[in-house]
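Asker: Mind looking over this structure? Questions follow.
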Amino acid sequence: MSAPNGILVVDKPGEWTSHDVVARVRRLAGTRKVGHAGTLDPMATGVLILGLGPSTRLLTYIVGADKEYLATVRLGASTTTDDAEGENLGWAPAARVRAITPDRLAAAVAHLTGEIDQVPSSVSAIKVDGKRAYAKVRVGEQVELKARPVTVSEFEVLDTREASVGDALALDVDVRVVCSSGTYVRALARDLGVALLTGGHLTALRRTRVGPFAVTDARPLENLDVAQTLIAPADAASALFPVLALSAEQATDLGHGKRIGVDAPDADTAAAVAPDGRLVGLAAVRTGSARTIVNFPDAGQQEQESR
(Lines give C-alpha, C1' and ligand atoms only; values in the text may rest on other atoms or scores of the structure.)
Protein backbone atom coordinates (compact mmCIF):
# COMPACT_ATOMS: atom_id res chain seq x y z
CA MET A 1 0.00 0.00 0.00
CA SER A 2 1.44 3.39 -0.99
CA ALA A 3 1.82 6.12 1.59
CA PRO A 4 -0.81 8.89 1.58
CA ASN A 5 -0.02 11.78 -0.73
CA GLY A 6 -2.08 14.93 -1.09
CA ILE A 7 -3.47 18.07 0.52
CA LEU A 8 -5.92 17.90 3.40
CA VAL A 9 -8.16 20.83 4.31
CA VAL A 10 -9.17 20.54 7.97
CA ASP A 11 -11.67 22.64 9.92
CA LYS A 12 -9.61 23.12 13.08
CA PRO A 13 -11.64 23.06 16.28
CA GLY A 14 -11.14 25.61 19.04
CA GLU A 15 -8.63 24.88 21.81
CA TRP A 16 -6.55 22.69 19.49
CA THR A 17 -3.08 23.81 18.44
CA SER A 18 -2.01 23.33 14.85
CA HIS A 19 0.54 20.80 16.14
CA ASP A 20 -2.28 18.87 17.81
CA VAL A 21 -4.02 18.59 14.45
CA VAL A 22 -0.84 17.43 12.71
CA ALA A 23 -0.30 14.78 15.41
CA ARG A 24 -3.87 13.50 15.02
CA VAL A 25 -3.57 13.29 11.23
CA ARG A 26 -0.24 11.47 11.51
CA ARG A 27 -1.95 8.80 13.58
CA LEU A 28 -4.97 8.58 11.30
CA ALA A 29 -2.87 8.43 8.12
CA GLY A 30 -0.18 6.16 9.52
CA THR A 31 2.67 8.41 8.39
CA ARG A 32 5.07 10.90 9.94
CA LYS A 33 5.24 12.87 6.69
CA VAL A 34 2.63 15.51 7.58
CA GLY A 35 3.09 19.28 7.71
CA HIS A 36 0.87 22.36 7.79
CA ALA A 37 0.77 25.64 5.87
CA GLY A 38 0.56 28.28 8.57
CA THR A 39 -0.56 28.00 12.18
CA LEU A 40 -3.85 28.98 13.74
CA ASP A 41 -4.03 30.13 17.37
CA PRO A 42 -5.66 27.62 19.73
CA MET A 43 -8.70 29.88 20.19
CA ALA A 44 -9.17 30.14 16.41
CA THR A 45 -11.15 27.74 14.25
CA GLY A 46 -11.34 27.12 10.53
CA VAL A 47 -9.16 26.32 7.59
CA LEU A 48 -5.87 24.57 8.33
CA ILE A 49 -4.06 23.18 5.28
CA LEU A 50 -2.05 19.99 5.74
CA GLY A 51 0.28 18.30 3.28
CA LEU A 52 0.94 14.55 3.36
CA GLY A 53 3.80 12.68 1.73
CA PRO A 54 5.46 14.36 -1.27
CA SER A 55 2.68 16.97 -1.23
CA THR A 56 4.36 18.64 1.76
CA ARG A 57 6.42 20.31 -0.99
CA LEU A 58 3.32 22.26 -1.98
CA LEU A 59 2.96 23.81 1.48
CA THR A 60 5.70 26.35 0.75
CA TYR A 61 3.50 27.78 -1.99
CA ILE A 62 0.30 27.69 0.06
CA VAL A 63 1.80 29.50 3.06
CA GLY A 64 2.12 32.71 1.06
CA ALA A 65 -1.48 32.71 -0.22
CA ASP A 66 -3.93 35.39 0.89
CA LYS A 67 -6.34 34.52 3.69
CA GLU A 68 -9.87 35.37 4.72
CA TYR A 69 -11.16 35.56 8.29
CA LEU A 70 -14.38 36.20 10.17
CA ALA A 71 -13.67 37.73 13.57
CA THR A 72 -15.22 39.56 16.49
CA VAL A 73 -13.39 42.57 17.91
CA ARG A 74 -14.35 43.73 21.39
CA LEU A 75 -13.83 47.48 21.73
CA GLY A 76 -13.53 48.71 25.30
CA ALA A 77 -10.42 47.00 26.63
CA SER A 78 -6.97 45.87 25.55
CA THR A 79 -5.32 42.64 26.70
CA THR A 80 -1.74 41.46 27.02
CA THR A 81 -2.18 39.07 24.08
CA ASP A 82 -4.55 41.18 21.95
CA ASP A 83 -7.16 38.43 22.32
CA ALA A 84 -9.53 37.06 24.97
CA GLU A 85 -6.92 34.67 26.36
CA GLY A 86 -4.73 37.48 27.70
CA GLU A 87 -4.90 39.57 30.86
CA ASN A 88 -7.32 42.47 30.66
CA LEU A 89 -5.49 45.80 30.90
CA GLY A 90 -8.52 47.80 32.02
CA TRP A 91 -11.84 49.01 30.65
CA ALA A 92 -12.45 52.31 28.89
CA PRO A 93 -15.15 54.60 30.27
CA ALA A 94 -18.61 53.67 29.00
CA ALA A 95 -19.06 57.15 27.53
CA ARG A 96 -16.03 56.61 25.31
CA VAL A 97 -17.46 53.34 24.01
CA ARG A 98 -20.84 54.95 23.35
CA ALA A 99 -19.03 57.68 21.40
CA ILE A 100 -18.07 55.16 18.69
CA THR A 101 -20.41 56.18 15.88
CA PRO A 102 -20.75 54.21 12.65
CA ASP A 103 -18.82 56.94 10.85
CA ARG A 104 -15.92 56.89 13.34
CA LEU A 105 -15.79 53.10 13.17
CA ALA A 106 -15.81 53.15 9.36
CA ALA A 107 -13.02 55.75 9.28
CA ALA A 108 -10.85 53.69 11.67
CA VAL A 109 -11.43 50.54 9.62
CA ALA A 110 -10.58 52.40 6.40
CA HIS A 111 -7.31 53.60 7.97
CA LEU A 112 -6.35 49.94 8.57
CA THR A 113 -7.23 48.86 5.03
CA GLY A 114 -4.83 48.63 2.11
CA GLU A 115 -1.05 48.50 2.32
CA ILE A 116 -0.19 49.23 5.94
CA ASP A 117 2.73 48.85 8.34
CA GLN A 118 1.67 46.53 11.14
CA VAL A 119 3.43 45.76 14.42
CA PRO A 120 2.74 42.06 15.09
CA SER A 121 1.34 40.97 18.43
CA SER A 122 4.09 40.34 20.98
CA VAL A 123 2.78 36.78 21.43
CA SER A 124 3.24 35.92 17.77
CA ALA A 125 5.39 33.05 16.48
CA ILE A 126 7.95 35.46 15.03
CA LYS A 127 11.48 34.59 16.11
CA VAL A 128 13.49 37.09 18.16
CA ASP A 129 17.11 36.16 18.87
CA GLY A 130 16.36 32.59 17.86
CA LYS A 131 13.30 32.20 20.10
CA ARG A 132 9.58 32.58 19.39
CA ALA A 133 8.24 35.92 20.61
CA TYR A 134 5.41 34.24 22.54
CA ALA A 135 7.93 32.02 24.39
CA LYS A 136 9.91 35.06 25.52
CA VAL A 137 6.75 36.83 26.67
CA ARG A 138 5.64 33.81 28.70
CA VAL A 139 8.83 33.88 30.75
CA GLY A 140 8.43 37.58 31.47
CA GLU A 141 10.74 39.08 28.86
CA GLN A 142 9.86 42.35 27.17
CA VAL A 143 9.42 41.91 23.43
CA GLU A 144 9.23 44.74 20.92
CA LEU A 145 8.64 43.69 17.33
CA LYS A 146 9.28 45.91 14.34
CA ALA A 147 6.49 47.01 12.03
CA ARG A 148 6.28 45.12 8.77
CA PRO A 149 4.35 45.86 5.57
CA VAL A 150 1.17 43.84 5.07
CA THR A 151 -1.85 44.19 2.81
CA VAL A 152 -5.41 44.23 4.13
CA SER A 153 -7.34 44.08 0.88
CA GLU A 154 -10.78 43.93 2.54
CA PHE A 155 -11.84 44.96 6.05
CA GLU A 156 -15.60 44.89 6.32
CA VAL A 157 -17.83 45.57 9.32
CA LEU A 158 -20.66 43.02 9.35
CA ASP A 159 -22.45 43.87 12.60
CA THR A 160 -22.07 45.74 15.89
CA ARG A 161 -23.72 45.32 19.29
CA GLU A 162 -23.20 46.58 22.80
CA ALA A 163 -22.07 44.04 25.38
CA SER A 164 -22.12 44.33 29.16
CA VAL A 165 -19.12 42.72 30.85
CA GLY A 166 -19.67 43.01 34.59
CA ASP A 167 -19.91 46.73 35.26
CA ALA A 168 -18.15 47.61 32.01
CA LEU A 169 -19.54 48.39 28.57
CA ALA A 170 -18.04 47.09 25.34
CA LEU A 171 -18.88 47.25 21.67
CA ASP A 172 -18.56 43.93 19.85
CA VAL A 173 -17.79 44.34 16.16
CA ASP A 174 -18.11 41.41 13.76
CA VAL A 175 -15.74 41.83 10.82
CA ARG A 176 -14.57 40.10 7.69
CA VAL A 177 -10.91 40.46 6.77
CA VAL A 178 -9.05 39.46 3.60
CA CYS A 179 -5.33 39.93 3.99
CA SER A 180 -1.87 38.94 2.88
CA SER A 181 0.15 36.24 4.53
CA GLY A 182 1.82 37.54 7.68
CA THR A 183 -1.07 39.78 8.71
CA TYR A 184 -2.22 39.42 12.32
CA VAL A 185 -5.96 39.91 12.84
CA ARG A 186 -5.27 40.27 16.58
CA ALA A 187 -3.09 43.25 15.75
CA LEU A 188 -5.91 44.74 13.66
CA ALA A 189 -8.20 44.42 16.69
CA ARG A 190 -5.58 46.09 18.90
CA ASP A 191 -4.99 48.92 16.44
CA LEU A 192 -8.70 49.49 15.90
CA GLY A 193 -9.04 49.96 19.67
CA VAL A 194 -6.10 52.37 19.70
CA ALA A 195 -7.62 54.44 16.90
CA LEU A 196 -10.95 54.70 18.73
CA LEU A 197 -9.34 55.42 22.15
CA THR A 198 -11.06 52.47 23.80
CA GLY A 199 -8.62 49.60 23.51
CA GLY A 200 -9.59 46.49 21.61
CA HIS A 201 -8.97 42.78 21.45
CA LEU A 202 -10.15 39.71 19.57
CA THR A 203 -12.83 37.47 21.09
CA ALA A 204 -13.44 35.13 18.13
CA LEU A 205 -11.52 34.20 15.00
CA ARG A 206 -12.41 31.82 12.20
CA ARG A 207 -10.25 31.38 9.09
CA THR A 208 -12.60 30.85 6.17
CA ARG A 209 -10.15 30.65 3.27
CA VAL A 210 -6.49 30.12 2.44
CA GLY A 211 -5.82 30.88 -1.22
CA PRO A 212 -8.25 28.77 -3.26
CA PHE A 213 -9.12 26.47 -0.33
CA ALA A 214 -12.32 27.54 1.45
CA VAL A 215 -13.90 26.38 4.68
CA THR A 216 -16.58 24.68 2.57
CA ASP A 217 -13.79 22.32 1.42
CA ALA A 218 -12.72 21.65 5.01
CA ARG A 219 -13.53 18.54 7.00
CA PRO A 220 -13.86 18.21 10.77
CA LEU A 221 -11.33 16.08 12.64
CA GLU A 222 -14.09 13.98 14.15
CA ASN A 223 -14.46 10.77 12.13
CA LEU A 224 -12.01 12.08 9.53
CA ASP A 225 -11.33 9.61 6.70
CA VAL A 226 -7.96 10.79 5.40
CA ALA A 227 -7.92 8.62 2.28
CA GLN A 228 -11.37 9.79 1.18
CA THR A 229 -10.67 13.44 1.99
CA LEU A 230 -7.23 13.97 0.45
CA ILE A 231 -7.04 16.36 -2.49
CA ALA A 232 -4.79 14.82 -5.15
CA PRO A 233 -1.49 16.65 -5.70
CA ALA A 234 -2.37 17.58 -9.30
CA ASP A 235 -5.78 18.95 -8.26
CA ALA A 236 -4.25 21.00 -5.44
CA ALA A 237 -1.50 22.40 -7.65
CA SER A 238 -3.99 23.15 -10.43
CA ALA A 239 -6.05 25.21 -7.97
CA LEU A 240 -2.97 27.25 -7.13
CA PHE A 241 -1.35 27.67 -10.55
CA PRO A 242 -2.09 27.53 -14.29
CA VAL A 243 -1.91 24.00 -15.69
CA LEU A 244 0.80 22.85 -18.08
CA ALA A 245 -0.58 19.71 -19.74
CA LEU A 246 2.26 17.37 -20.77
CA SER A 247 2.58 14.51 -23.20
CA ALA A 248 3.95 11.24 -21.85
CA GLU A 249 7.36 12.02 -23.36
CA GLN A 250 7.38 15.55 -21.94
CA ALA A 251 6.40 14.21 -18.51
CA THR A 252 9.34 11.80 -18.55
CA ASP A 253 11.81 14.43 -19.69
CA LEU A 254 10.63 17.09 -17.26
CA GLY A 255 10.65 14.54 -14.45
CA HIS A 256 14.30 13.87 -15.24
CA GLY A 257 15.11 17.56 -14.98
CA LYS A 258 15.32 18.29 -18.70
CA ARG A 259 14.18 21.57 -20.22
CA ILE A 260 11.32 20.89 -22.64
CA GLY A 261 9.65 22.78 -25.46
CA VAL A 262 5.99 23.64 -24.83
CA ASP A 263 3.15 25.47 -26.52
CA ALA A 264 1.94 27.39 -23.48
CA PRO A 265 1.83 30.96 -22.18
CA ASP A 266 4.59 32.22 -19.91
CA ALA A 267 4.14 31.52 -16.22
CA ASP A 268 6.41 31.97 -13.22
CA THR A 269 4.94 28.76 -11.81
CA ALA A 270 2.74 26.20 -13.53
CA ALA A 271 1.38 22.83 -12.44
CA ALA A 272 2.95 20.32 -14.84
CA VAL A 273 0.51 17.42 -15.18
CA ALA A 274 1.10 14.11 -16.98
CA PRO A 275 -1.55 12.51 -19.24
CA ASP A 276 -2.49 10.09 -16.43
CA GLY A 277 -3.28 13.02 -14.11
CA ARG A 278 -0.11 12.74 -12.05
CA LEU A 279 1.60 15.93 -10.88
CA VAL A 280 5.08 15.79 -12.38
CA GLY A 281 6.15 19.01 -10.70
CA LEU A 282 6.00 22.76 -10.73
CA ALA A 283 7.60 24.40 -13.72
CA ALA A 284 8.56 27.85 -14.95
CA VAL A 285 7.46 28.56 -18.53
CA ARG A 286 9.30 31.12 -20.67
CA THR A 287 9.08 31.75 -24.42
CA GLY A 288 8.05 28.24 -25.40
CA SER A 289 10.21 26.30 -22.98
CA ALA A 290 9.65 24.88 -19.50
CA ARG A 291 12.05 23.95 -16.74
CA THR A 292 11.42 22.26 -13.43
CA ILE A 293 11.24 24.31 -10.26
CA VAL A 294 10.51 21.31 -8.05
CA ASN A 295 9.68 17.70 -8.87
CA PHE A 296 6.87 15.77 -7.21
CA PRO A 297 7.55 12.03 -7.20
CA ASP A 298 4.53 9.94 -6.29
CA ALA A 299 4.47 8.41 -2.80
CA GLY A 300 5.60 5.02 -4.10
CA GLN A 301 8.65 6.52 -5.83
CA GLN A 302 9.56 8.45 -2.72
CA GLU A 303 9.37 5.31 -0.55
CA GLN A 304 11.74 3.50 -2.94
CA GLU A 305 14.15 6.46 -3.04
CA SER A 306 14.30 6.60 0.76
CA ARG A 307 15.23 2.93 1.15
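Convention: chains lettered A, B, ... in C-alpha coordinates order; per-chain residue numbering from 1; ligands numbered from 1 as shown.
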How would you write, as a ChimeraX atom specification, the set of residues in segment 50-229 of chain A that DSSP gives as helix (DSSP H, G or I)?
Answerer: /A:53-63,94-98,102-111,133-138,185-195,215-217,226-229
Asker: With only C-alpha atoms counted and 12 Å as the cut-off, give the residues of segment 56-166 of chain A in contact with segment 290-293 of chain A, each with its shortest interatomic distance in Å and the pair that gives it, as CSV.
Answerer:
residue,atom,partner,partner_atom,distance
A:Arg57,CA,A:Ile293,CA,11.2
A:Leu58,CA,A:Ile293,CA,11.6
A:Tyr61,CA,A:Ile293,CA,11.8
Asker: Write the residues of the selection above to a file with N, CA and C atoms, as a PDB file, in the first residue's frame.
Answerer:
ATOM      1  N   ARG A  57       5.663  19.340  -0.190  1.00  0.00           N
ATOM      2  CA  ARG A  57       6.420  20.308  -0.994  1.00  0.00           C
ATOM      3  C   ARG A  57       5.531  21.455  -1.489  1.00  0.00           C
ATOM      4  N   LEU A  58       4.236  21.207  -1.552  1.00  0.00           N
ATOM      5  CA  LEU A  58       3.316  22.264  -1.980  1.00  0.00           C
ATOM      6  C   LEU A  58       3.062  23.290  -0.883  1.00  0.00           C
ATOM      7  N   TYR A  61       4.223  26.894  -1.085  1.00  0.00           N
ATOM      8  CA  TYR A  61       3.504  27.785  -1.995  1.00  0.00           C
ATOM      9  C   TYR A  61       2.144  28.194  -1.439  1.00  0.00           C
TER      10      TYR A  61
END
Asker: When you look at segment 214-222 of chain A with a cut-off of 6 Å (counting only C-alpha atoms), what residues show up, excluding the ones that are within fewer than 2 positions of it in the same chain? I need them as a PyMOL selection string.
Answerer: chain A and resi 9-11+47+208-209+224
Asker: Please save all heavy atoms of the selected residues as a PDB file, in the first residue's frame.
Answerer:
ATOM      1  N   VAL A   9      -7.629  19.578   3.793  1.00  0.00           N
ATOM      2  CA  VAL A   9      -8.164  20.833   4.313  1.00  0.00           C
ATOM      3  C   VAL A   9      -9.016  20.499   5.534  1.00  0.00           C
ATOM      4  O   VAL A   9     -10.076  19.894   5.419  1.00  0.00           O
ATOM      5  CB  VAL A   9      -9.004  21.579   3.257  1.00  0.00           C
ATOM      6  CG1 VAL A   9      -9.439  22.948   3.789  1.00  0.00           C
ATOM      7  CG2 VAL A   9      -8.214  21.751   1.961  1.00  0.00           C
ATOM      8  N   VAL A  10      -8.525  20.884   6.701  1.00  0.00           N
ATOM      9  CA  VAL A  10      -9.170  20.543   7.968  1.00  0.00           C
ATOM     10  C   VAL A  10      -9.841  21.777   8.548  1.00  0.00           C
ATOM     11  O   VAL A  10      -9.323  22.893   8.450  1.00  0.00           O
ATOM     12  CB  VAL A  10      -8.131  19.989   8.968  1.00  0.00           C
ATOM     13  CG1 VAL A  10      -8.731  19.811  10.355  1.00  0.00           C
ATOM     14  CG2 VAL A  10      -7.573  18.666   8.470  1.00  0.00           C
ATOM     15  N   ASP A  11     -11.001  21.577   9.168  1.00  0.00           N
ATOM     16  CA  ASP A  11     -11.671  22.637   9.924  1.00  0.00           C
ATOM     17  C   ASP A  11     -11.208  22.494  11.380  1.00  0.00           C
ATOM     18  O   ASP A  11     -11.737  21.687  12.133  1.00  0.00           O
ATOM     19  CB  ASP A  11     -13.183  22.491   9.814  1.00  0.00           C
ATOM     20  CG  ASP A  11     -13.943  23.681  10.396  1.00  0.00           C
ATOM     21  OD1 ASP A  11     -13.337  24.448  11.168  1.00  0.00           O
ATOM     22  OD2 ASP A  11     -15.146  23.832  10.087  1.00  0.00           O
ATOM     23  N   VAL A  47      -9.971  26.983   8.592  1.00  0.00           N
ATOM     24  CA  VAL A  47      -9.157  26.320   7.585  1.00  0.00           C
ATOM     25  C   VAL A  47      -7.702  26.168   8.029  1.00  0.00           C
ATOM     26  O   VAL A  47      -7.008  27.150   8.286  1.00  0.00           O
ATOM     27  CB  VAL A  47      -9.205  27.090   6.251  1.00  0.00           C
ATOM     28  CG1 VAL A  47      -8.269  26.450   5.231  1.00  0.00           C
ATOM     29  CG2 VAL A  47     -10.637  27.123   5.709  1.00  0.00           C
ATOM     30  N   THR A 208     -11.635  31.399   7.117  1.00  0.00           N
ATOM     31  CA  THR A 208     -12.603  30.845   6.172  1.00  0.00           C
ATOM     32  C   THR A 208     -12.014  30.519   4.805  1.00  0.00           C
ATOM     33  O   THR A 208     -12.663  29.862   3.997  1.00  0.00           O
ATOM     34  CB  THR A 208     -13.781  31.817   5.987  1.00  0.00           C
ATOM     35  OG1 THR A 208     -13.272  33.114   5.659  1.00  0.00           O
ATOM     36  CG2 THR A 208     -14.602  31.910   7.270  1.00  0.00           C
ATOM     37  N   ARG A 209     -10.772  30.966   4.568  1.00  0.00           N
ATOM     38  CA  ARG A 209     -10.152  30.653   3.274  1.00  0.00           C
ATOM     39  C   ARG A 209      -8.648  30.841   3.366  1.00  0.00           C
ATOM     40  O   ARG A 209      -8.162  31.763   4.024  1.00  0.00           O
ATOM     41  CB  ARG A 209     -10.718  31.550   2.171  1.00  0.00           C
ATOM     42  CG  ARG A 209     -10.183  31.249   0.775  1.00  0.00           C
ATOM     43  CD  ARG A 209     -10.861  32.112  -0.295  1.00  0.00           C
ATOM     44  NE  ARG A 209     -10.677  33.528  -0.084  1.00  0.00           N
ATOM     45  CZ  ARG A 209      -9.566  34.210  -0.379  1.00  0.00           C
ATOM     46  NH1 ARG A 209      -8.514  33.581  -0.891  1.00  0.00           N
ATOM     47  NH2 ARG A 209      -9.489  35.511  -0.169  1.00  0.00           N
ATOM     48  N   LEU A 224     -12.676  11.712  10.785  1.00  0.00           N
ATOM     49  CA  LEU A 224     -12.008  12.078   9.531  1.00  0.00           C
ATOM     50  C   LEU A 224     -11.477  10.839   8.815  1.00  0.00           C
ATOM     51  O   LEU A 224     -10.752  10.038   9.400  1.00  0.00           O
ATOM     52  CB  LEU A 224     -10.854  13.038   9.817  1.00  0.00           C
ATOM     53  CG  LEU A 224     -10.034  13.507   8.614  1.00  0.00           C
ATOM     54  CD1 LEU A 224     -10.881  14.384   7.696  1.00  0.00           C
ATOM     55  CD2 LEU A 224      -8.798  14.284   9.079  1.00  0.00           C
TER      56      LEU A 224
END
Asker: Kindly give the distance, in Å, that separates atom CA of Gly288 of chain A and atom CA of Ala239 of chain A, rounded to a single decimal.
Answerer: 22.6 Å
Asker: List the neighbours of Thr56 of chain A out to 8 Å using only C-alpha atoms; skip same-chain residues closer than 4 positions along the sequence, and give me the result as a ChimeraX atom specification.
Answerer: /A:6-7,33-36,50-52,60
Asker: Choose the residue, out of A:Asp172, A:Arg26, A:Asp263, A:Asp20, that has the smallest atom-to-atom separation from Ala3 of chain A; count only C-alpha atoms.
Answerer: A:Arg26
Asker: Measuring atom to atom with only C-alpha atoms, identify which of A:Gly199, A:Gly281, A:Pro13, A:Gly255 is nearest to Pro93 of chain A.
Answerer: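 Of A:Gly199, A:Gly281, A:Pro13, A:Gly255, the one nearest Pro93 of chain A, counting only C-alpha atoms, is A:Gly199.
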Asker: Please extract the residues of segment 62-249 of chain A with a backbone DSSP assignment of strand (DSSP E or B) and present them as JSON, numbers by chain.
Answerer: {"A": [67, 68, 69, 70, 71, 72, 73, 74, 75, 77, 78, 79, 83, 88, 89, 90, 91, 114, 115, 116, 117, 118, 127, 128, 131, 132, 148, 149, 150, 151, 152, 153, 154, 155, 156, 157, 158, 159, 160, 161, 162, 163, 164, 165, 168, 169, 170, 171, 172, 173, 174, 175, 176, 177, 178, 179, 200, 201, 202, 203, 204, 205, 206, 207, 208, 209, 210, 213, 214, 219, 220, 231, 243, 244, 245]}
